[in-house]
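Below: one structure, written as structure tokens.
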Amino acid sequence: MRRRLPIAVLVLALLGGAVVVVPVLALAARVPWGRLLDTLTGEGASAALRVSLEVSAAATVLSVLLGVPLAWVLARAQFRGRSLVRAMVVLPIVLPPVVAGVGLLAALGRRGLIGGWLDRVFGVQLTFSTAGAIVAATFVSMPLVILAAEAGFRGLDPRYEQAAAVLGASPGYTLRRVVLPMAAPQLVAGAVLAWARALGEFGATITFAGNLQGRTQTLSLLVFQQLQTDPEGAIALSLLLVVVSITVLVTLRNRWITGVG
Amino acid sequence: MRRSLSMFVGLVGLATACSFGEPSSSPSTTLTVFAASSLAVAFDQIGRDFEAANPGVQVDFNFGSSTDLAAQIASEGTADVFASANPLAMDAVATDPGVSDRTDFATNSLVIITPPDNPAQVLSLDNLTSPQVQIVIGAEGVPVGDYARQMLRDEGIDHAVLTNVVSNEPDDASVVARVVRGEADAGIVYVSDAHAAGASVMTVAIPPEVNVTATYPIAIAASAQQATVAATFLAWVRGPAGQAVLRAQGFGPPPDGG
């Protein structure tokens, strides 16, 4: 039997949908369809697309590689100041990205706390490099992995781990064969969110890594720069960003997160 | 509930009036000026002087990139006066929604800045071509970046210098910030920027025969609500009081001599 939803909920839901969808549709209405192909196949656009894909993929891998162990520690280990640590590691979500960039400069810039040492001892410079763009994207997107993974780990019944231990499984084996598979939906959801955040990243990247074609200029940065000279071209490029992210999100959702969604 | 809300609003209003308003001489006219961000320091001062000389007038500034400001004026039409860092942005506003009393009021030129310790030993424009010098300039489409590229092209060293460019920045302030923090070895900005940065940068002059001149136009927007006060403001900026402030901030006189 079909039950009717309260009308107020429907109205609010419609309004909520409109808030998100209308600006994107308005953007689509202003796309210069006639010269879309020229804009998207231009040298700047293809270089920016390549940098964007490289940077967001690398940032997602790093976020999972470092964020999932951290989430595990936060979910399972008992230590003083854990809630403070938890608050600190998700800080990048609320920090204005430009400030995040300034923080990265203070730490890893050529004259930063660690960056100065890296430069002197190893001759490694992160600013103005693709590696720097990856660091910036990882900084802003890893908290999304941590939040999702920690929620996943906390939602697991510890008795599964206890049972595995009783049956003689080592902690490492339990983690690999019991915990990670069971938390997989949340881990994947966290990774997808992190990737989407990394793809759209702007403020921390331009502040820390700068803006150079083929090296640190991602699609977001190119869009920002194009708005100065060619607003229509910038809108076409944003459309590319929208299409790429929708394609990836829908594909992943169908393949991985059917159970969640 | 309603009463307590209105009381709250009343209290806030009272507090605002107490802290900001001067009850006897509350401004009756507000002049809205859209100005290029490179003018921020000079125009803040000019605005204060103008208010002091014209009781009852309050000047509100909206500083930003000239291109962005031109787009805002076309779509929102809330500006009385537009002061642009380049003629192109003014041309756009002249087409839509239109301007009157357009005149040039200042010039600017380019200069090289380095961190105070000048780690890459940049002492001349030609030094920017040496390998390993990390340079930041304005992006294409940003006036300060376009002027820099034009100058380098005229000198025939654009290829060598652009190879050393590590970042194309969205505005002149970002170029200055990179150099002040020592992330880049050198940057090309306006003389007025270097002036504002003071001792936090070292300045390497570019000879006048090589340098380019950026002309700053000002005009009354067609959408102006306060055309009379706007005209007075334009005359003030072009007059001795305005010019003295601009000169003190490193700007040159307008091409017609002011």
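To be explicit about the labels: the chains of the structure tokens are called A, B, and onward in the order shown, and within each one the residues are counted from 1, while ligands get numbers from 1 in the order they are shown.
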
Q.
Let's see if you can do this: from backbone DSSP, list all helix (DSSP H, G or I) residues in range 6-222 of chain B, as an MDAnalysis selection string.
A. chainID B and resid 6:20 23:25 37:53 66:76 87:95 125:129 143:155 158:164 172:180 191:200

Q: When you get a sec, could you note down which chain A residues fall within 8 Å of chain B, using only C-alpha atoms, as an NGL selection string?
A: :A and (109-111 or 127-128 or 210-212 or 225-226 or 228-229)

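In this model, the gap between CA of Phe202 in chain A and CA of Leu126 in chain A comes to 16.8 Å.
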
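Excluding range 60-62 of chain A itself and same-chain residues fewer than 6 positions from it, the residues having an atom within 7 Å of it are Thr138, Ala191, Ala194 and Trp195 of chain A, counting only C-alpha atoms.
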
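Residues with any atom within 9 Å of Ala71 in chain A, counting only C-alpha atoms and excluding same-chain neighbours fewer than 3 positions away, are Leu66, Gly67, Val68, Leu74, Ala75, Arg76, Arg86, Val145, Ile146, Leu147, Ala148, Ala149, Glu150, Ala151 and Phe153 of chain A.
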
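For the pair CA of Ala36 in chain B and CA of Phe61 in chain B, the interatomic distance is 10.0 Å.
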
Q) In range 55-125 of chain B, what's strand (DSSP E or B) per DSSP? Answer as a list in words? A) Val57, Gln58, Val59, Asp60, Phe61, Asn62, Phe63, Gly64, Val81, Phe82, Ala83, Val99, Ser100, Asp101, Arg102, Thr103, Asp104, Phe105, Ala106, Thr107, Asn108, Ser109, Leu110, Val111, Ile112, Ile113 and Thr114 of chain B

Residue subset to file, keeping N, CA and C atoms, as an mmCIF file, in the first residue's frame:
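Listed below is the output, out28.cif:
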```cif
data_model
loop_
_atom_site.group_PDB
_atom_site.id
_atom_site.type_symbol
_atom_site.label_atom_id
_atom_site.label_comp_id
_atom_site.auth_asym_id
_atom_site.auth_seq_id
_atom_site.Cartn_x
_atom_site.Cartn_y
_atom_site.Cartn_z
ATOM 1 N N VAL B 57 28.359 63.425 3.055
ATOM 2 C CA VAL B 57 28.615 62.442 1.997
ATOM 3 C C VAL B 57 29.428 61.285 2.580
ATOM 4 N N GLN B 58 28.992 60.083 2.265
ATOM 5 C CA GLN B 58 29.752 58.913 2.683
ATOM 6 C C GLN B 58 30.188 58.166 1.419
ATOM 7 N N VAL B 59 31.464 57.780 1.353
ATOM 8 C CA VAL B 59 31.972 57.069 0.177
ATOM 9 C C VAL B 59 32.156 55.596 0.533
ATOM 10 N N ASP B 60 31.472 54.723 -0.201
ATOM 11 C CA ASP B 60 31.626 53.277 -0.020
ATOM 12 C C ASP B 60 32.433 52.720 -1.183
ATOM 13 N N PHE B 61 33.468 51.920 -0.867
ATOM 14 C CA PHE B 61 34.302 51.350 -1.932
ATOM 15 C C PHE B 61 34.030 49.867 -2.103
ATOM 16 N N ASN B 62 34.099 49.439 -3.344
ATOM 17 C CA ASN B 62 34.122 48.015 -3.644
ATOM 18 C C ASN B 62 35.379 47.780 -4.479
ATOM 19 N N PHE B 63 36.411 47.196 -3.842
ATOM 20 C CA PHE B 63 37.667 46.950 -4.548
ATOM 21 C C PHE B 63 37.690 45.543 -5.115
ATOM 22 N N GLY B 64 38.264 45.383 -6.301
ATOM 23 C CA GLY B 64 38.368 44.055 -6.899
ATOM 24 C C GLY B 64 39.119 44.149 -8.206
ATOM 25 N N VAL B 81 30.594 55.385 -9.439
ATOM 26 C CA VAL B 81 31.870 55.714 -10.083
ATOM 27 C C VAL B 81 32.636 54.417 -10.318
ATOM 28 N N PHE B 82 33.322 54.322 -11.450
ATOM 29 C CA PHE B 82 34.180 53.177 -11.729
ATOM 30 C C PHE B 82 35.586 53.676 -12.013
ATOM 31 N N ALA B 83 36.557 53.194 -11.241
ATOM 32 C CA ALA B 83 37.964 53.518 -11.467
ATOM 33 C C ALA B 83 38.672 52.223 -11.832
ATOM 34 N N VAL B 99 28.967 55.044 -19.798
ATOM 35 C CA VAL B 99 29.616 55.920 -18.819
ATOM 36 C C VAL B 99 29.552 57.363 -19.315
ATOM 37 N N SER B 100 29.829 58.291 -18.384
ATOM 38 C CA SER B 100 29.994 59.682 -18.792
ATOM 39 C C SER B 100 31.199 60.252 -18.049
ATOM 40 N N ASP B 101 31.709 61.374 -18.529
ATOM 41 C CA ASP B 101 32.839 62.079 -17.906
ATOM 42 C C ASP B 101 34.090 61.209 -17.810
ATOM 43 N N ARG B 102 34.295 60.308 -18.762
ATOM 44 C CA ARG B 102 35.468 59.437 -18.682
ATOM 45 C C ARG B 102 36.744 60.247 -18.825
ATOM 46 N N THR B 103 37.702 59.964 -17.942
ATOM 47 C CA THR B 103 38.967 60.675 -17.992
ATOM 48 C C THR B 103 40.055 59.820 -17.345
ATOM 49 N N ASP B 104 41.306 59.999 -17.768
ATOM 50 C CA ASP B 104 42.406 59.273 -17.129
ATOM 51 C C ASP B 104 42.866 60.062 -15.917
ATOM 52 N N PHE B 105 43.194 59.345 -14.822
ATOM 53 C CA PHE B 105 43.561 60.088 -13.598
ATOM 54 C C PHE B 105 44.901 59.656 -13.008
ATOM 55 N N ALA B 106 45.480 58.568 -13.508
ATOM 56 C CA ALA B 106 46.767 58.130 -12.943
ATOM 57 C C ALA B 106 47.438 57.181 -13.910
ATOM 58 N N THR B 107 48.723 56.968 -13.708
ATOM 59 C CA THR B 107 49.448 55.944 -14.461
ATOM 60 C C THR B 107 50.259 55.115 -13.474
ATOM 61 N N ASN B 108 50.625 53.956 -13.943
ATOM 62 C CA ASN B 108 51.431 53.071 -13.129
ATOM 63 C C ASN B 108 52.433 52.438 -14.063
ATOM 64 N N SER B 109 53.545 51.948 -13.538
ATOM 65 C CA SER B 109 54.486 51.229 -14.392
ATOM 66 C C SER B 109 54.960 50.002 -13.633
ATOM 67 N N LEU B 110 55.789 49.223 -14.292
ATOM 68 C CA LEU B 110 56.167 47.943 -13.708
ATOM 69 C C LEU B 110 57.517 48.020 -13.013
ATOM 70 N N VAL B 111 57.720 47.085 -12.089
ATOM 71 C CA VAL B 111 58.967 47.021 -11.354
ATOM 72 C C VAL B 111 59.181 45.541 -10.984
ATOM 73 N N ILE B 112 60.436 45.177 -10.786
ATOM 74 C CA ILE B 112 60.744 43.810 -10.328
ATOM 75 C C ILE B 112 60.871 43.847 -8.809
ATOM 76 N N ILE B 113 60.251 42.886 -8.137
ATOM 77 C CA ILE B 113 60.467 42.776 -6.695
ATOM 78 C C ILE B 113 61.095 41.421 -6.381
ATOM 79 N N THR B 114 61.908 41.408 -5.332
ATOM 80 C CA THR B 114 62.522 40.160 -4.859
ATOM 81 C C THR B 114 62.386 40.134 -3.340
#
```
